[in-house]
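Working notes, beginning with the structure itself.
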Amino acid sequence: MEARPSEVYGFLRHAVDAHTLGIDYIARLIRGSGHECVIGDRAVVQAVASIQREEAANRLLAWLADTRVSRLGFSFRLEPELARDAFGRLFHLLHSRRCFADQGGALRAIYFAGLPHACELVRAEHGDRVIAFEGDEAPEYTLRLLGIPPERIPVSLRLDSAYDDERMRFATAFVESGGHDHVRPVDRARSPGFGSRTERLVDRLEHGARHRLPPLIRAHVGPFCTPRELAVREFLAWTRDLAAGGLLDVLSIGTSQLTQSAFGLDWDGRPNGGGVPINSADEYREIMEAARPMLVRTYAGTRDVPALARLHEETLNIAWHALSFWWFSRIDGRGDNTVHANLREHLEAVRFIARSGKPLEANVPHHFAFRGADDVSYVLSAYLTARTAKRCGIRTFVLQNMLNTPKYTSGLSDLAKSRAMLRFVRSLEDASFKVVLQPRAGLDYFSPNPARARAQLAASTALMDDIEPGDPGSPPIIHVVSHSEAISLADPPVIHDSIRIVRGALDDYRGLKSRSGEHVFGLDPVVERKTAELLDGARAVLSVIEREIPDPYCVDGLYRVFAAGFLPVPYLWEETDEFRHALEWKTGMHDGGVWVLDAKGQPVSPAERAEVAASRLAVVRPPADQPAVAGCSN
């Protein structure tokens with residue numbers, strides 16, 4: 001049943017569910033289609049949680065009447081049974097008060113959004129009276145399910161959807177045809193030092209480029225079980241299996257939280273936090289032997305970061321180091337360091353890594369995105385860390401790019417963000433500094449439906465190839481996130497299957513484009529316009545940073561950039577007083593990407609918000625327990 005032009009959409013969530021990005025995004029889509037949309041405020045959300053009380057029920061019904069809502073959506077993305085019960089109480093209230101149109105009321109439609117199993121429970125209980133959304137529906141399809149007629153859907157959204165739909169059609173057909181079954185290991189045996197204890201990543205990359213081989217494949221692996229020693233033995237068995245399979249080039253050890261924060265200490269009685277619990281240098285050496293001829297890398301530490309970096313170098317001949325600069329500290333609960341102390345330890349580790357000659361990956365931009373940062377900040381954070389790394393002597397910089405983050409990002413906006421970041425960071429390249437692109441799918445991108453998840457993996461691979469469609473050697477490294485991400489830990493069979501899908505999809509997609517003679521389905525002008533906007537925005541913010549902070553590429557400089565609010569993180573949950581200026585911005589979806597928005601939901605100029613952040617610098621100081629550190633050497 002299509003919505004009339006005058007109809008009003010209303011959205012609610014339960015008080016215990018803090019997820020709001022999806023609601024905000026759908027609201028913007030609806031408003032962009034010409035409909036009014038209202039979202040329940042704190043008082044209404046509290047009323048939903050207490051709906052069995054007469055006072056709360058009346059407050060909710062009054063809100064519906066005052067706002068003239070005729071199409072109501074309810075979101076609950078936590079435990080399925082709780083979601084079913086909460087929605088059931090809401091539905092019962094509306095039905096008992098004769099709120100639906102077939103009872104003479106104003107509500108013409110009701111919607112539910114939740115986890116897949118929650119949607120199944122709601123459908124089983126309420127049938128076709130409710131339209132349920134699992135969260136991985138395409139934007140244009142979402143609007144159609146909401147009753148928006150095709151002629152009211154914005155042209156820009158139809159362009160975004162056309163690209164995303166085209167990739168999914170390709171990916172679904174590819175997976176269903178078994179197009180990945182033919183994928184075999186790549187022969188890299190003639191790469192210098194192949195499989196030795198001294199082999200270097202750059203040698204494999206150069207060998208692959210010379211011989212036009214497929215990208216190096218990295219995958220993250222980390223089983224956990226108890227006791228600890230059993231988990232380590234299982235991981236070693238998995239490692240030997242992956243090495244024998246020949247499909248994986250770089251084993252990424254998914255170490256536990258305790259390995260990162262308390263390596264070498266007594267763990268008795270302490271929670272592990274998931275991941276493989278490595279706790280000795282000898283265990284790392286065993287892993288390296290089991291992994292050969294794969295290259296090996298692992299998480300950095302969150303305590304005494306330089307010492308653990310040295311250990312990884314000595315025991316693993318680590319392929320490349322990955323550091324998170326501001327993150328994996330108190331602000332995200334992953335470590336005990338203050339942000340300032342974390343930056344100090346990280347830059348000390350960067351200087352050691354530079355002396356070792358190994359590459360560095362800045363595990364940074366997507367951590368800002370996880371906390372609600374806008375796309376300009378995503379691009380800028382990569383540049384800030386890359387330039388800092390270059391100043392510290394790093395010669396090879398691995399640029400990780402997490403696509404589909406947040407998962408509501410359109411494919412065209414993802415391409416724009418990827419291209420803007422790559423171009424901005426590559427502007428630092430010279431004879432002594434090279435950038436290596438390493439894209440990956442998003443952590444929360446995959447559907448719990450196995451068939452759809454496998455197609456999504458192929459579709460994300462197509463997106464990776466479109467970042468630099470004219471370069472057959474790009475990307476040189478792909479971080480394969482397994483298609484089981486949404487439902488279970490990936491074991492070797494799932495990892496092998498995921499690698500085959502990625503490599504097979506890459507070959508088939510390139511063949512499709514070669515036959516059709518098109519890049520990005522003819523939509524390059526749209527991507528280039530978005531790319532230019534992001535690049536201009538990032539450069540505008542950087543210009544203010546460099547004007548106001550004498551040296552932004554050192555410990556104190558990077559601290560002040562964050563604390564003043566140049567990199568907005570509205571979803572930061574820890575250390576919120578110290579970084580209140582970074583939290584004061586509102587971000588949301590706009591034109592398929594994430595932007596800083598004003599009170600009316602319109603994008604704020606990056607230059608304008610940079611000037612606001614600059615005005616905060618006068619009150620931003622390193623923490624009292626951390627002395628100021630000046631100069632390039634810090």
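A note on labels: chains of the structure tokens are A, B, ... as shown, every chain counts residues from 1, and ligands are counted from 1 in their shown order.
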Under the rule of at most 7 Å, produce a per-residue listing of segment 276-324 of chain A near segment 226-238 of chain A: chain, number, name, the closest pair of atoms, and the distance in Å, as JSON lines, using only C-alpha atoms.
{"residue": "A:Val276", "atom": "CA", "partner": "A:Ala231", "partner_atom": "CA", "distance": 6.2}
{"residue": "A:Pro277", "atom": "CA", "partner": "A:Arg228", "partner_atom": "CA", "distance": 6.2}
{"residue": "A:Ile278", "atom": "CA", "partner": "A:Val232", "partner_atom": "CA", "distance": 6.8}
{"residue": "A:Ile287", "atom": "CA", "partner": "A:Leu236", "partner_atom": "CA", "distance": 6.2}
{"residue": "A:Ala290", "atom": "CA", "partner": "A:Leu236", "partner_atom": "CA", "distance": 6.5}
For this session: From the DSSP assignment of the backbone, select every residue of segment 349-588 of chain A that is alpha helix (DSSP H), and format the answer as a VMD selection string.
Result: chain A and resid 349 to 356 365 to 370 375 to 391 411 to 426 450 to 465 492 to 516 524 to 548 555 to 563 580 to 583
Problem set entry | Neighbour list for segment 266-268 of chain A as a list in words, cut-off 12 Å, only C-alpha atoms, skip fewer than 4 positions in-chain | Pro227, Arg228, Ser256, Gln257, Leu258, Thr259, Ser261, Ala262, Asn272, Gly273, Pro277, Ile278, Asn279 and Ser280 of chain A
Restricting the output to C-alpha atoms, write the selected residues as a PDB file, in the first residue's frame.
ATOM      1  CA  PRO A 227      42.228 -24.321  28.971  1.00  0.00           C
ATOM      2  CA  ARG A 228      44.604 -21.803  27.387  1.00  0.00           C
ATOM      3  CA  SER A 256      43.282 -12.348  22.834  1.00  0.00           C
ATOM      4  CA  GLN A 257      42.820  -9.179  24.840  1.00  0.00           C
ATOM      5  CA  LEU A 258      45.079 -10.612  27.545  1.00  0.00           C
ATOM      6  CA  THR A 259      47.854 -11.269  25.009  1.00  0.00           C
ATOM      7  CA  SER A 261      47.399  -6.123  27.478  1.00  0.00           C
ATOM      8  CA  ALA A 262      49.184  -8.563  29.794  1.00  0.00           C
ATOM      9  CA  ASN A 272      40.526 -13.674  28.271  1.00  0.00           C
ATOM     10  CA  GLY A 273      38.226 -11.589  26.093  1.00  0.00           C
ATOM     11  CA  PRO A 277      45.711 -16.587  24.151  1.00  0.00           C
ATOM     12  CA  ILE A 278      49.433 -16.459  23.288  1.00  0.00           C
ATOM     13  CA  ASN A 279      51.577 -15.762  26.366  1.00  0.00           C
ATOM     14  CA  SER A 280      55.181 -16.651  25.580  1.00  0.00           C
TER      15      SER A 280
END
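Nearest residue to Pro622 of chain A among A:Glu140, A:Glu546, A:Asp556, A:Glu283 is A:Asp556, counting only C-alpha atoms.
Minimum distance to Asp332 of chain A across A:Val569, A:Leu242, A:Val555, A:Val130 (counting only C-alpha atoms) occurs at A:Val569.
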Exercise. From the list A:Trp585, A:Tyr299, A:Trp63, A:Phe112, which residue is nearest Ala86 of chain A when using only C-alpha atoms?
Worked result: A:Phe112
Problem set entry | 12 Å contact set for segment 152-163 of chain A, only C-alpha atoms, chain neighbours under 2 positions out, as a PyMOL selection string | chain A and resi 2-5+28-35+137-144+146-150+165-170+408-416+459-460+462-463+466+519-527+530+590-593
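We find atom CA of Arg395 of chain A and atom CA of Ala382 of chain A to be spaced 15.8 Å apart.
What separates atom CA of Arg123 of chain A from atom CA of Pro406 of chain A is a distance of 26.8 Å.
Remark: for Leu213 of chain A, the closest of the candidate residues A:Asp187, A:Glu314, A:Asp336, A:Glu429 is A:Asp187 (distances computed over only C-alpha atoms).
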Problem set entry | Selection near Pro439 of chain A, 6 Å with only C-alpha atoms, sequence-local residues under 2 positions removed, as an MDAnalysis selection string | chainID A and resid 400:402 478
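Contact shell of Ala614 of chain A at 8 Å (only C-alpha atoms; same-chain neighbours under 2 positions omitted): A:Val544, A:Ile545, A:Glu548, A:Ala564, A:Phe566, A:Ala610, A:Glu611, A:Val612, A:Arg616, A:Leu617.
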Write out, as a PDB file, in the first residue's frame, the residues just selected, with N, CA and C atoms.
ATOM      1  N   VAL A 544      43.578  24.246   8.603  1.00  0.00           N
ATOM      2  CA  VAL A 544      43.376  24.913   9.891  1.00  0.00           C
ATOM      3  C   VAL A 544      44.254  24.268  10.967  1.00  0.00           C
ATOM      4  N   ILE A 545      44.339  22.937  10.960  1.00  0.00           N
ATOM      5  CA  ILE A 545      45.195  22.233  11.927  1.00  0.00           C
ATOM      6  C   ILE A 545      46.627  22.723  11.819  1.00  0.00           C
ATOM      7  N   GLU A 548      47.136  26.280  13.124  1.00  0.00           N
ATOM      8  CA  GLU A 548      46.951  26.542  14.557  1.00  0.00           C
ATOM      9  C   GLU A 548      47.831  25.702  15.466  1.00  0.00           C
ATOM     10  N   ALA A 564      40.682  18.724  20.661  1.00  0.00           N
ATOM     11  CA  ALA A 564      40.016  19.970  20.264  1.00  0.00           C
ATOM     12  C   ALA A 564      38.766  19.716  19.428  1.00  0.00           C
ATOM     13  N   PHE A 566      38.813  18.251  16.126  1.00  0.00           N
ATOM     14  CA  PHE A 566      39.001  18.242  14.675  1.00  0.00           C
ATOM     15  C   PHE A 566      38.533  16.925  14.055  1.00  0.00           C
ATOM     16  N   ALA A 610      36.140  23.172  11.428  1.00  0.00           N
ATOM     17  CA  ALA A 610      37.554  23.213  11.790  1.00  0.00           C
ATOM     18  C   ALA A 610      37.875  24.498  12.557  1.00  0.00           C
ATOM     19  N   GLU A 611      37.245  25.597  12.158  1.00  0.00           N
ATOM     20  CA  GLU A 611      37.466  26.860  12.881  1.00  0.00           C
ATOM     21  C   GLU A 611      36.914  26.775  14.308  1.00  0.00           C
ATOM     22  N   VAL A 612      35.786  26.093  14.476  1.00  0.00           N
ATOM     23  CA  VAL A 612      35.234  25.901  15.822  1.00  0.00           C
ATOM     24  C   VAL A 612      36.216  25.086  16.663  1.00  0.00           C
ATOM     25  N   ARG A 616      38.883  25.899  20.299  1.00  0.00           N
ATOM     26  CA  ARG A 616      38.982  25.107  21.543  1.00  0.00           C
ATOM     27  C   ARG A 616      40.434  24.848  21.945  1.00  0.00           C
ATOM     28  N   LEU A 617      41.362  25.102  21.050  1.00  0.00           N
ATOM     29  CA  LEU A 617      42.755  24.743  21.330  1.00  0.00           C
ATOM     30  C   LEU A 617      43.320  25.457  22.547  1.00  0.00           C
TER      31      LEU A 617
END
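Assigned to strand (DSSP E) in segment 156-354 of chain A, given DSSP computed from backbone atoms, are Leu216, Ile217, Arg218, Ala219, His220, Val221, Val250, Leu251, Ser252, Ile253, Leu295, Val296, Arg297, Thr298, His321, Ala322 and Leu323 of chain A.
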Can you build me a table of segment 261-305 of chain A residues sitting at most 12 Å from segment 344-366 of chain A, with the closest atom pair per residue and its distance in Å to one decimal, using only C-alpha atoms, sorted by chain and residue number, as a tab-separated table?
residue	atom	partner	partner_atom	distance
A:Arg297	CA	A:Glu361	CA	10.9
A:Thr298	CA	A:Glu361	CA	11.4
A:Tyr299	CA	A:Asn363	CA	9.8
A:Ala300	CA	A:His346	CA	9.6
A:Gly301	CA	A:His346	CA	9.7
A:Thr302	CA	A:Glu345	CA	9.3
A:Arg303	CA	A:Glu345	CA	8.6
A:Asp304	CA	A:Glu345	CA	6.9
A:Val305	CA	A:Glu345	CA	5.8
Could you write out that same residue set with N, CA, C and O atoms as a PDB file, in the first residue's frame?
ATOM      1  N   ARG A 297      51.580 -11.890  10.752  1.00  0.00           N
ATOM      2  CA  ARG A 297      51.489 -10.625  11.489  1.00  0.00           C
ATOM      3  C   ARG A 297      50.495 -10.813  12.632  1.00  0.00           C
ATOM      4  O   ARG A 297      49.770 -11.806  12.674  1.00  0.00           O
ATOM      5  N   THR A 298      50.472  -9.849  13.549  1.00  0.00           N
ATOM      6  CA  THR A 298      49.592  -9.971  14.708  1.00  0.00           C
ATOM      7  C   THR A 298      49.245  -8.593  15.244  1.00  0.00           C
ATOM      8  O   THR A 298      49.792  -7.575  14.807  1.00  0.00           O
ATOM      9  N   TYR A 299      48.295  -8.576  16.210  1.00  0.00           N
ATOM     10  CA  TYR A 299      47.907  -7.334  16.865  1.00  0.00           C
ATOM     11  C   TYR A 299      49.091  -6.729  17.626  1.00  0.00           C
ATOM     12  O   TYR A 299      49.950  -7.450  18.148  1.00  0.00           O
ATOM     13  N   ALA A 300      49.090  -5.413  17.727  1.00  0.00           N
ATOM     14  CA  ALA A 300      50.046  -4.729  18.595  1.00  0.00           C
ATOM     15  C   ALA A 300      49.606  -4.894  20.052  1.00  0.00           C
ATOM     16  O   ALA A 300      48.508  -5.365  20.346  1.00  0.00           O
ATOM     17  N   GLY A 301      50.465  -4.477  20.954  1.00  0.00           N
ATOM     18  CA  GLY A 301      50.101  -4.502  22.362  1.00  0.00           C
ATOM     19  C   GLY A 301      49.327  -3.261  22.758  1.00  0.00           C
ATOM     20  O   GLY A 301      49.282  -2.263  22.031  1.00  0.00           O
ATOM     21  N   THR A 302      48.720  -3.325  23.935  1.00  0.00           N
ATOM     22  CA  THR A 302      48.059  -2.152  24.508  1.00  0.00           C
ATOM     23  C   THR A 302      48.775  -1.691  25.775  1.00  0.00           C
ATOM     24  O   THR A 302      48.347  -0.735  26.405  1.00  0.00           O
ATOM     25  N   ARG A 303      49.847  -2.377  26.129  1.00  0.00           N
ATOM     26  CA  ARG A 303      50.692  -2.013  27.269  1.00  0.00           C
ATOM     27  C   ARG A 303      52.139  -2.212  26.850  1.00  0.00           C
ATOM     28  O   ARG A 303      52.487  -3.238  26.282  1.00  0.00           O
ATOM     29  N   ASP A 304      52.972  -1.223  27.107  1.00  0.00           N
ATOM     30  CA  ASP A 304      54.378  -1.282  26.698  1.00  0.00           C
ATOM     31  C   ASP A 304      54.468  -1.676  25.224  1.00  0.00           C
ATOM     32  O   ASP A 304      55.071  -2.679  24.839  1.00  0.00           O
ATOM     33  N   VAL A 305      53.838  -0.860  24.405  1.00  0.00           N
ATOM     34  CA  VAL A 305      53.700  -1.143  22.977  1.00  0.00           C
ATOM     35  C   VAL A 305      55.052  -1.369  22.292  1.00  0.00           C
ATOM     36  O   VAL A 305      55.193  -2.327  21.509  1.00  0.00           O
TER      37      VAL A 305
END
For this session: Write out as a PyMOL selection string each polymer residue whose atoms come within 12 Å of Ala613 of chain A, counting only C-alpha atoms; drop sequence neighbours fewer than 3 positions from it.
Result: chain A and resi 541-542+544-545+548-549+560-568+579-585+606-610+616-620
